[in-house]
Amino acid sequence: MMDEPAAGPLVDGHGRRIDYLRVSVTDRCDLRCSYCLPKDFKGFETPANWLRYEEMARLVQLFVELGVSKVRLTGGEPLLRRGLAGLAGVIAAMPGLRDLSVSTNGTQLARHARALRAAGVDRLNISLDTLDAAAFSQITGRDCLDSVLAGLAAARDAGFAPIKLNSVVHAETPEAEVRRLLDYAVEQGFVLRLIEPMPMGSCGRGHAHTDLNAMGARLAAGAGLVPSVGGTGAGPARYWTTGRGTPVLGVITPMSRHFCAACNRVRLGVDGTLYLCLGQEDQVPLGRMLRAGADDAALIRAIRAGIAAKPERHDFVARPERIVRFMAQTGG
């Protein structure tokens, strides 16, 4: 496929190997979570500027040939875009790819879980901030908790394991509700991951973070969990496990204890923009280049130049006002 051979893996200017790509297939979402998108937000990307699936697959293929081994399909809500399982099947078949996952809010998952599994998706991350229907409606703007729970059941029936629940926890989140989520995760065999909100856009800045390291330790002690020794993956979460080493609870703490030194990922927006850091504006217009006729060699040079310039860390703490784009516009 490439016009010139890939010369080694992707390593940025700080010595970090980049082997994880997140791909946003749409910036649209059927929820309006209070920390993610304003209720009246209308600044979505024009669909004509969305990369077609074959264009996405071409770019993903280049990244995989350059050493990326993990790909996550995300959004917005990726299951709102038709034919996602077809794209997943193409990516899953790429030689060198070791892990393909999907992030979803779960509202559409009951209809798509089996197709995603059959296409070769390995894992699912499903957003769930509360088990209280009224609180769910207040957070998301929709009364559809039952649909998400049905999606979780369908995912388990389809054979997905582990299933990770991603829960955004901020300063006003009742700890009792987080404990309820943990009890649910233990009962269902899921992994609960608590995430500090990031100040992306006005919504993100409207939710003060709380130190989840301390909360996680309290919850783990109450549930009889022990800190993981040696980690349970290459991602930013720190886990507590059962006595048999099975991860049950994790925390992702970009604000109270950032993990930039070990960052191994970049993000591809729905229009093909390569975002090098959530907390910086550095980007590469791969989609524009592709549609202007760039060959694979030119795209590879642009990818390598972008990775070489990847920022050392985010500025969320020192300059929380820096990022005006919302999370859904970048891709979770």
# chains A, B, ... in the order shown; residues from 1 in each chain; ligands from 1

call {"tool": "residues_around", "arguments": {"residues": "stretch 131-147 of chain A", "least_positions_apart": "5", "cutoff": "6 Å", "atoms": "only C-alpha atoms", "output": "VMD selection string"}}
result
chain A and resid 31 to 34 107

call {"tool": "residues_around", "arguments": {"residues": "A:Ser103", "least_positions_apart": "4", "cutoff": "9 Å", "atoms": "only C-alpha atoms", "output": "VMD selection string"}}
result
chain A and resid 72 to 75 77 to 78 123 to 127 332

call {"tool": "write_last_selection", "arguments": {"atoms": "all heavy atoms", "output": "PDB file, in the first residue's frame"}}
result
ATOM      1  N   ARG A  72      -9.083   2.288  18.854  1.00  0.00           N
ATOM      2  CA  ARG A  72     -10.406   2.412  19.475  1.00  0.00           C
ATOM      3  C   ARG A  72     -11.285   3.265  18.586  1.00  0.00           C
ATOM      4  O   ARG A  72     -10.892   4.359  18.170  1.00  0.00           O
ATOM      5  CB  ARG A  72     -10.304   3.064  20.859  1.00  0.00           C
ATOM      6  CG  ARG A  72     -11.671   3.304  21.514  1.00  0.00           C
ATOM      7  CD  ARG A  72     -11.530   3.924  22.895  1.00  0.00           C
ATOM      8  NE  ARG A  72     -10.806   3.036  23.775  1.00  0.00           N
ATOM      9  CZ  ARG A  72     -11.348   2.012  24.424  1.00  0.00           C
ATOM     10  NH1 ARG A  72     -12.631   1.739  24.245  1.00  0.00           N
ATOM     11  NH2 ARG A  72     -10.618   1.263  25.213  1.00  0.00           N
ATOM     12  N   LEU A  73     -12.484   2.781  18.275  1.00  0.00           N
ATOM     13  CA  LEU A  73     -13.480   3.543  17.530  1.00  0.00           C
ATOM     14  C   LEU A  73     -14.366   4.261  18.519  1.00  0.00           C
ATOM     15  O   LEU A  73     -14.887   3.665  19.467  1.00  0.00           O
ATOM     16  CB  LEU A  73     -14.307   2.605  16.637  1.00  0.00           C
ATOM     17  CG  LEU A  73     -13.498   1.792  15.619  1.00  0.00           C
ATOM     18  CD1 LEU A  73     -14.408   0.863  14.834  1.00  0.00           C
ATOM     19  CD2 LEU A  73     -12.715   2.698  14.688  1.00  0.00           C
ATOM     20  N   THR A  74     -14.541   5.561  18.298  1.00  0.00           N
ATOM     21  CA  THR A  74     -15.212   6.373  19.292  1.00  0.00           C
ATOM     22  C   THR A  74     -15.998   7.475  18.602  1.00  0.00           C
ATOM     23  O   THR A  74     -16.231   7.444  17.404  1.00  0.00           O
ATOM     24  CB  THR A  74     -14.166   6.930  20.291  1.00  0.00           C
ATOM     25  OG1 THR A  74     -14.824   7.713  21.279  1.00  0.00           O
ATOM     26  CG2 THR A  74     -13.092   7.740  19.612  1.00  0.00           C
ATOM     27  N   GLY A  75     -16.443   8.470  19.370  1.00  0.00           N
ATOM     28  CA  GLY A  75     -17.206   9.583  18.835  1.00  0.00           C
ATOM     29  C   GLY A  75     -16.986  10.799  19.704  1.00  0.00           C
ATOM     30  O   GLY A  75     -15.903  10.940  20.286  1.00  0.00           O
ATOM     31  N   GLU A  77     -21.033   9.591  19.634  1.00  0.00           N
ATOM     32  CA  GLU A  77     -21.529   8.242  19.842  1.00  0.00           C
ATOM     33  C   GLU A  77     -21.361   7.462  18.545  1.00  0.00           C
ATOM     34  O   GLU A  77     -22.107   7.670  17.586  1.00  0.00           O
ATOM     35  CB  GLU A  77     -23.002   8.260  20.285  1.00  0.00           C
ATOM     36  CG  GLU A  77     -23.657   6.898  20.332  1.00  0.00           C
ATOM     37  CD  GLU A  77     -22.786   5.835  21.003  1.00  0.00           C
ATOM     38  OE1 GLU A  77     -22.267   6.091  22.111  1.00  0.00           O
ATOM     39  OE2 GLU A  77     -22.614   4.764  20.401  1.00  0.00           O
ATOM     40  N   PRO A  78     -20.384   6.551  18.478  1.00  0.00           N
ATOM     41  CA  PRO A  78     -20.059   5.901  17.209  1.00  0.00           C
ATOM     42  C   PRO A  78     -21.195   5.060  16.634  1.00  0.00           C
ATOM     43  O   PRO A  78     -21.291   4.911  15.414  1.00  0.00           O
ATOM     44  CB  PRO A  78     -18.846   5.033  17.563  1.00  0.00           C
ATOM     45  CG  PRO A  78     -18.901   4.865  19.047  1.00  0.00           C
ATOM     46  CD  PRO A  78     -19.491   6.134  19.569  1.00  0.00           C
ATOM     47  N   ARG A 123     -13.083  -5.409  22.709  1.00  0.00           N
ATOM     48  CA  ARG A 123     -13.509  -4.884  24.009  1.00  0.00           C
ATOM     49  C   ARG A 123     -14.449  -3.695  23.827  1.00  0.00           C
ATOM     50  O   ARG A 123     -14.437  -3.032  22.789  1.00  0.00           O
ATOM     51  CB  ARG A 123     -12.296  -4.431  24.831  1.00  0.00           C
ATOM     52  CG  ARG A 123     -11.340  -5.541  25.183  1.00  0.00           C
ATOM     53  CD  ARG A 123     -10.173  -5.039  26.018  1.00  0.00           C
ATOM     54  NE  ARG A 123      -9.347  -4.077  25.298  1.00  0.00           N
ATOM     55  CZ  ARG A 123      -9.356  -2.766  25.513  1.00  0.00           C
ATOM     56  NH1 ARG A 123     -10.145  -2.246  26.437  1.00  0.00           N
ATOM     57  NH2 ARG A 123      -8.569  -1.968  24.811  1.00  0.00           N
ATOM     58  N   LEU A 124     -15.214  -3.426  24.880  1.00  0.00           N
ATOM     59  CA  LEU A 124     -16.106  -2.274  24.905  1.00  0.00           C
ATOM     60  C   LEU A 124     -15.851  -1.449  26.155  1.00  0.00           C
ATOM     61  O   LEU A 124     -15.653  -1.998  27.243  1.00  0.00           O
ATOM     62  CB  LEU A 124     -17.572  -2.712  24.901  1.00  0.00           C
ATOM     63  CG  LEU A 124     -18.103  -3.444  23.672  1.00  0.00           C
ATOM     64  CD1 LEU A 124     -19.533  -3.897  23.930  1.00  0.00           C
ATOM     65  CD2 LEU A 124     -18.040  -2.557  22.439  1.00  0.00           C
ATOM     66  N   ASN A 125     -15.877  -0.130  26.002  1.00  0.00           N
ATOM     67  CA  ASN A 125     -15.937   0.811  27.120  1.00  0.00           C
ATOM     68  C   ASN A 125     -17.282   1.506  27.043  1.00  0.00           C
ATOM     69  O   ASN A 125     -17.607   2.102  26.010  1.00  0.00           O
ATOM     70  CB  ASN A 125     -14.817   1.851  27.036  1.00  0.00           C
ATOM     71  CG  ASN A 125     -13.478   1.299  27.461  1.00  0.00           C
ATOM     72  OD1 ASN A 125     -13.279   0.093  27.509  1.00  0.00           O
ATOM     73  ND2 ASN A 125     -12.539   2.171  27.751  1.00  0.00           N
ATOM     74  N   ILE A 126     -18.056   1.442  28.110  1.00  0.00           N
ATOM     75  CA  ILE A 126     -19.423   1.953  28.100  1.00  0.00           C
ATOM     76  C   ILE A 126     -19.566   3.008  29.191  1.00  0.00           C
ATOM     77  O   ILE A 126     -19.247   2.757  30.357  1.00  0.00           O
ATOM     78  CB  ILE A 126     -20.430   0.814  28.304  1.00  0.00           C
ATOM     79  CG1 ILE A 126     -20.246  -0.241  27.199  1.00  0.00           C
ATOM     80  CG2 ILE A 126     -21.856   1.349  28.307  1.00  0.00           C
ATOM     81  CD1 ILE A 126     -20.985  -1.537  27.436  1.00  0.00           C
ATOM     82  N   SER A 127     -20.042   4.185  28.816  1.00  0.00           N
ATOM     83  CA  SER A 127     -20.202   5.282  29.773  1.00  0.00           C
ATOM     84  C   SER A 127     -21.406   5.019  30.669  1.00  0.00           C
ATOM     85  O   SER A 127     -22.496   4.715  30.186  1.00  0.00           O
ATOM     86  CB  SER A 127     -20.394   6.608  29.039  1.00  0.00           C
ATOM     87  OG  SER A 127     -19.259   6.918  28.259  1.00  0.00           O
ATOM     88  N   GLY A 332     -13.479  10.868  21.990  1.00  0.00           N
ATOM     89  CA  GLY A 332     -13.097  10.324  23.292  1.00  0.00           C
ATOM     90  C   GLY A 332     -12.120   9.182  23.194  1.00  0.00           C
ATOM     91  O   GLY A 332     -11.493   8.809  24.140  1.00  0.00           O
TER      92      GLY A 332
END

call {"tool": "residues_around", "arguments": {"residues": "A:Ala305", "least_positions_apart": "3", "cutoff": "12 Å", "atoms": "only C-alpha atoms", "output": "VMD selection string"}}
result
chain A and resid 10 to 13 274 276 282 to 286 298 to 302 308 to 310

call {"tool": "atom_distance", "arguments": {"atom1": "atom CA of A:Leu51", "atom2": "atom CA of A:Gly293"}}
result
13.8 Å

call {"tool": "closest_residue", "arguments": {"among": "A:Leu79, A:Met94, A:Ala88, A:Thr104", "to": "A:Ala119", "atoms": "only C-alpha atoms"}}
result
A:Ala88

call {"tool": "closest_residue", "arguments": {"among": "A:Leu212, A:Val248, A:Ala155, A:Val121", "to": "A:Leu109", "atoms": "only C-alpha atoms"}}
result
A:Ala155

call {"tool": "residues_around", "arguments": {"residues": "stretch 256-268 of chain A", "least_positions_apart": "2", "cutoff": "7 Å", "atoms": "only C-alpha atoms", "output": "JSON, numbers by chain"}}
result
{"A": [16, 17, 18, 19, 20, 21, 22, 23, 24, 211, 236, 253, 254, 270, 272, 273, 274, 275, 276, 277, 312, 313, 331]}

call {"tool": "atom_distance", "arguments": {"atom1": "atom CA of A:Gly15", "atom2": "atom CA of A:Pro247"}}
result
28.9 Å

call {"tool": "select_by_dssp", "arguments": {"residues": "stretch 252-309 of chain A", "states": "strand (DSSP E)", "output": "PDB file with all heavy atoms, in the first residue's frame"}}
result
ATOM      1  N   ILE A 252      -8.761   7.114  36.597  1.00  0.00           N
ATOM      2  CA  ILE A 252      -8.034   7.840  35.555  1.00  0.00           C
ATOM      3  C   ILE A 252      -8.008   9.294  35.987  1.00  0.00           C
ATOM      4  O   ILE A 252      -9.056   9.944  36.082  1.00  0.00           O
ATOM      5  CB  ILE A 252      -8.708   7.660  34.187  1.00  0.00           C
ATOM      6  CG1 ILE A 252      -8.714   6.177  33.805  1.00  0.00           C
ATOM      7  CG2 ILE A 252      -7.985   8.479  33.123  1.00  0.00           C
ATOM      8  CD1 ILE A 252      -9.434   5.878  32.510  1.00  0.00           C
ATOM      9  N   ARG A 265      -0.725   7.655  22.932  1.00  0.00           N
ATOM     10  CA  ARG A 265      -1.851   7.724  22.007  1.00  0.00           C
ATOM     11  C   ARG A 265      -1.983   9.057  21.306  1.00  0.00           C
ATOM     12  O   ARG A 265      -1.509  10.094  21.786  1.00  0.00           O
ATOM     13  CB  ARG A 265      -3.147   7.449  22.776  1.00  0.00           C
ATOM     14  CG  ARG A 265      -3.527   8.546  23.773  1.00  0.00           C
ATOM     15  CD  ARG A 265      -4.458   8.019  24.822  1.00  0.00           C
ATOM     16  NE  ARG A 265      -3.833   6.930  25.556  1.00  0.00           N
ATOM     17  CZ  ARG A 265      -4.475   6.076  26.338  1.00  0.00           C
ATOM     18  NH1 ARG A 265      -5.772   6.197  26.485  1.00  0.00           N
ATOM     19  NH2 ARG A 265      -3.840   5.127  26.975  1.00  0.00           N
ATOM     20  N   VAL A 266      -2.661   8.990  20.172  1.00  0.00           N
ATOM     21  CA  VAL A 266      -3.095  10.175  19.446  1.00  0.00           C
ATOM     22  C   VAL A 266      -4.522   9.910  18.970  1.00  0.00           C
ATOM     23  O   VAL A 266      -5.002   8.768  19.009  1.00  0.00           O
ATOM     24  CB  VAL A 266      -2.179  10.500  18.248  1.00  0.00           C
ATOM     25  CG1 VAL A 266      -0.830  11.004  18.724  1.00  0.00           C
ATOM     26  CG2 VAL A 266      -2.008   9.292  17.322  1.00  0.00           C
ATOM     27  N   ARG A 267      -5.202  10.974  18.510  1.00  0.00           N
ATOM     28  CA  ARG A 267      -6.606  10.863  18.136  1.00  0.00           C
ATOM     29  C   ARG A 267      -6.835  11.397  16.726  1.00  0.00           C
ATOM     30  O   ARG A 267      -6.282  12.438  16.365  1.00  0.00           O
ATOM     31  CB  ARG A 267      -7.479  11.639  19.134  1.00  0.00           C
ATOM     32  CG  ARG A 267      -7.538  11.009  20.512  1.00  0.00           C
ATOM     33  CD  ARG A 267      -8.180  11.951  21.527  1.00  0.00           C
ATOM     34  NE  ARG A 267      -8.494  11.252  22.750  1.00  0.00           N
ATOM     35  CZ  ARG A 267      -7.628  11.007  23.731  1.00  0.00           C
ATOM     36  NH1 ARG A 267      -6.371  11.420  23.606  1.00  0.00           N
ATOM     37  NH2 ARG A 267      -7.996  10.359  24.817  1.00  0.00           N
ATOM     38  N   LEU A 268      -7.679  10.690  15.994  1.00  0.00           N
ATOM     39  CA  LEU A 268      -8.064  11.095  14.659  1.00  0.00           C
ATOM     40  C   LEU A 268      -9.517  11.540  14.689  1.00  0.00           C
ATOM     41  O   LEU A 268     -10.412  10.749  15.002  1.00  0.00           O
ATOM     42  CB  LEU A 268      -7.888   9.922  13.686  1.00  0.00           C
ATOM     43  CG  LEU A 268      -7.952  10.238  12.188  1.00  0.00           C
ATOM     44  CD1 LEU A 268      -6.764  11.100  11.770  1.00  0.00           C
ATOM     45  CD2 LEU A 268      -7.980   8.942  11.384  1.00  0.00           C
ATOM     46  N   THR A 273      -8.596  15.139  11.103  1.00  0.00           N
ATOM     47  CA  THR A 273      -7.597  15.912  11.838  1.00  0.00           C
ATOM     48  C   THR A 273      -6.942  15.033  12.886  1.00  0.00           C
ATOM     49  O   THR A 273      -7.630  14.386  13.677  1.00  0.00           O
ATOM     50  CB  THR A 273      -8.242  17.129  12.530  1.00  0.00           C
ATOM     51  OG1 THR A 273      -8.824  17.981  11.542  1.00  0.00           O
ATOM     52  CG2 THR A 273      -7.211  17.916  13.321  1.00  0.00           C
ATOM     53  N   LEU A 274      -5.623  14.996  12.880  1.00  0.00           N
ATOM     54  CA  LEU A 274      -4.878  14.240  13.875  1.00  0.00           C
ATOM     55  C   LEU A 274      -4.592  15.158  15.061  1.00  0.00           C
ATOM     56  O   LEU A 274      -3.859  16.142  14.933  1.00  0.00           O
ATOM     57  CB  LEU A 274      -3.570  13.725  13.283  1.00  0.00           C
ATOM     58  CG  LEU A 274      -2.681  12.912  14.228  1.00  0.00           C
ATOM     59  CD1 LEU A 274      -3.355  11.612  14.646  1.00  0.00           C
ATOM     60  CD2 LEU A 274      -1.319  12.628  13.582  1.00  0.00           C
ATOM     61  N   TYR A 275      -5.189  14.839  16.210  1.00  0.00           N
ATOM     62  CA  TYR A 275      -4.959  15.601  17.439  1.00  0.00           C
ATOM     63  C   TYR A 275      -3.861  14.905  18.235  1.00  0.00           C
ATOM     64  O   TYR A 275      -3.965  13.719  18.553  1.00  0.00           O
ATOM     65  CB  TYR A 275      -6.239  15.694  18.265  1.00  0.00           C
ATOM     66  CG  TYR A 275      -7.328  16.505  17.596  1.00  0.00           C
ATOM     67  CD1 TYR A 275      -8.346  15.878  16.884  1.00  0.00           C
ATOM     68  CD2 TYR A 275      -7.326  17.892  17.663  1.00  0.00           C
ATOM     69  CE1 TYR A 275      -9.345  16.617  16.267  1.00  0.00           C
ATOM     70  CE2 TYR A 275      -8.325  18.642  17.050  1.00  0.00           C
ATOM     71  CZ  TYR A 275      -9.329  17.993  16.354  1.00  0.00           C
ATOM     72  OH  TYR A 275     -10.310  18.727  15.733  1.00  0.00           O
ATOM     73  N   GLN A 283      -2.051  19.861  15.931  1.00  0.00           N
ATOM     74  CA  GLN A 283      -2.827  18.958  15.085  1.00  0.00           C
ATOM     75  C   GLN A 283      -2.226  18.902  13.687  1.00  0.00           C
ATOM     76  O   GLN A 283      -1.447  19.772  13.287  1.00  0.00           O
ATOM     77  CB  GLN A 283      -4.284  19.402  15.028  1.00  0.00           C
ATOM     78  CG  GLN A 283      -4.490  20.849  14.649  1.00  0.00           C
ATOM     79  CD  GLN A 283      -5.917  21.321  14.883  1.00  0.00           C
ATOM     80  OE1 GLN A 283      -6.683  21.457  13.943  1.00  0.00           O
ATOM     81  NE2 GLN A 283      -6.254  21.568  16.146  1.00  0.00           N
ATOM     82  N   VAL A 284      -2.622  17.849  12.957  1.00  0.00           N
ATOM     83  CA  VAL A 284      -2.157  17.626  11.592  1.00  0.00           C
ATOM     84  C   VAL A 284      -3.382  17.364  10.718  1.00  0.00           C
ATOM     85  O   VAL A 284      -4.166  16.463  11.026  1.00  0.00           O
ATOM     86  CB  VAL A 284      -1.199  16.420  11.511  1.00  0.00           C
ATOM     87  CG1 VAL A 284      -0.682  16.244  10.078  1.00  0.00           C
ATOM     88  CG2 VAL A 284      -0.035  16.586  12.486  1.00  0.00           C
ATOM     89  N   PRO A 285      -3.569  18.095   9.611  1.00  0.00           N
ATOM     90  CA  PRO A 285      -4.779  17.966   8.798  1.00  0.00           C
ATOM     91  C   PRO A 285      -4.705  16.787   7.820  1.00  0.00           C
ATOM     92  O   PRO A 285      -4.743  16.964   6.593  1.00  0.00           O
ATOM     93  CB  PRO A 285      -4.836  19.307   8.064  1.00  0.00           C
ATOM     94  CG  PRO A 285      -3.406  19.690   7.884  1.00  0.00           C
ATOM     95  CD  PRO A 285      -2.702  19.200   9.132  1.00  0.00           C
TER      96      PRO A 285
END
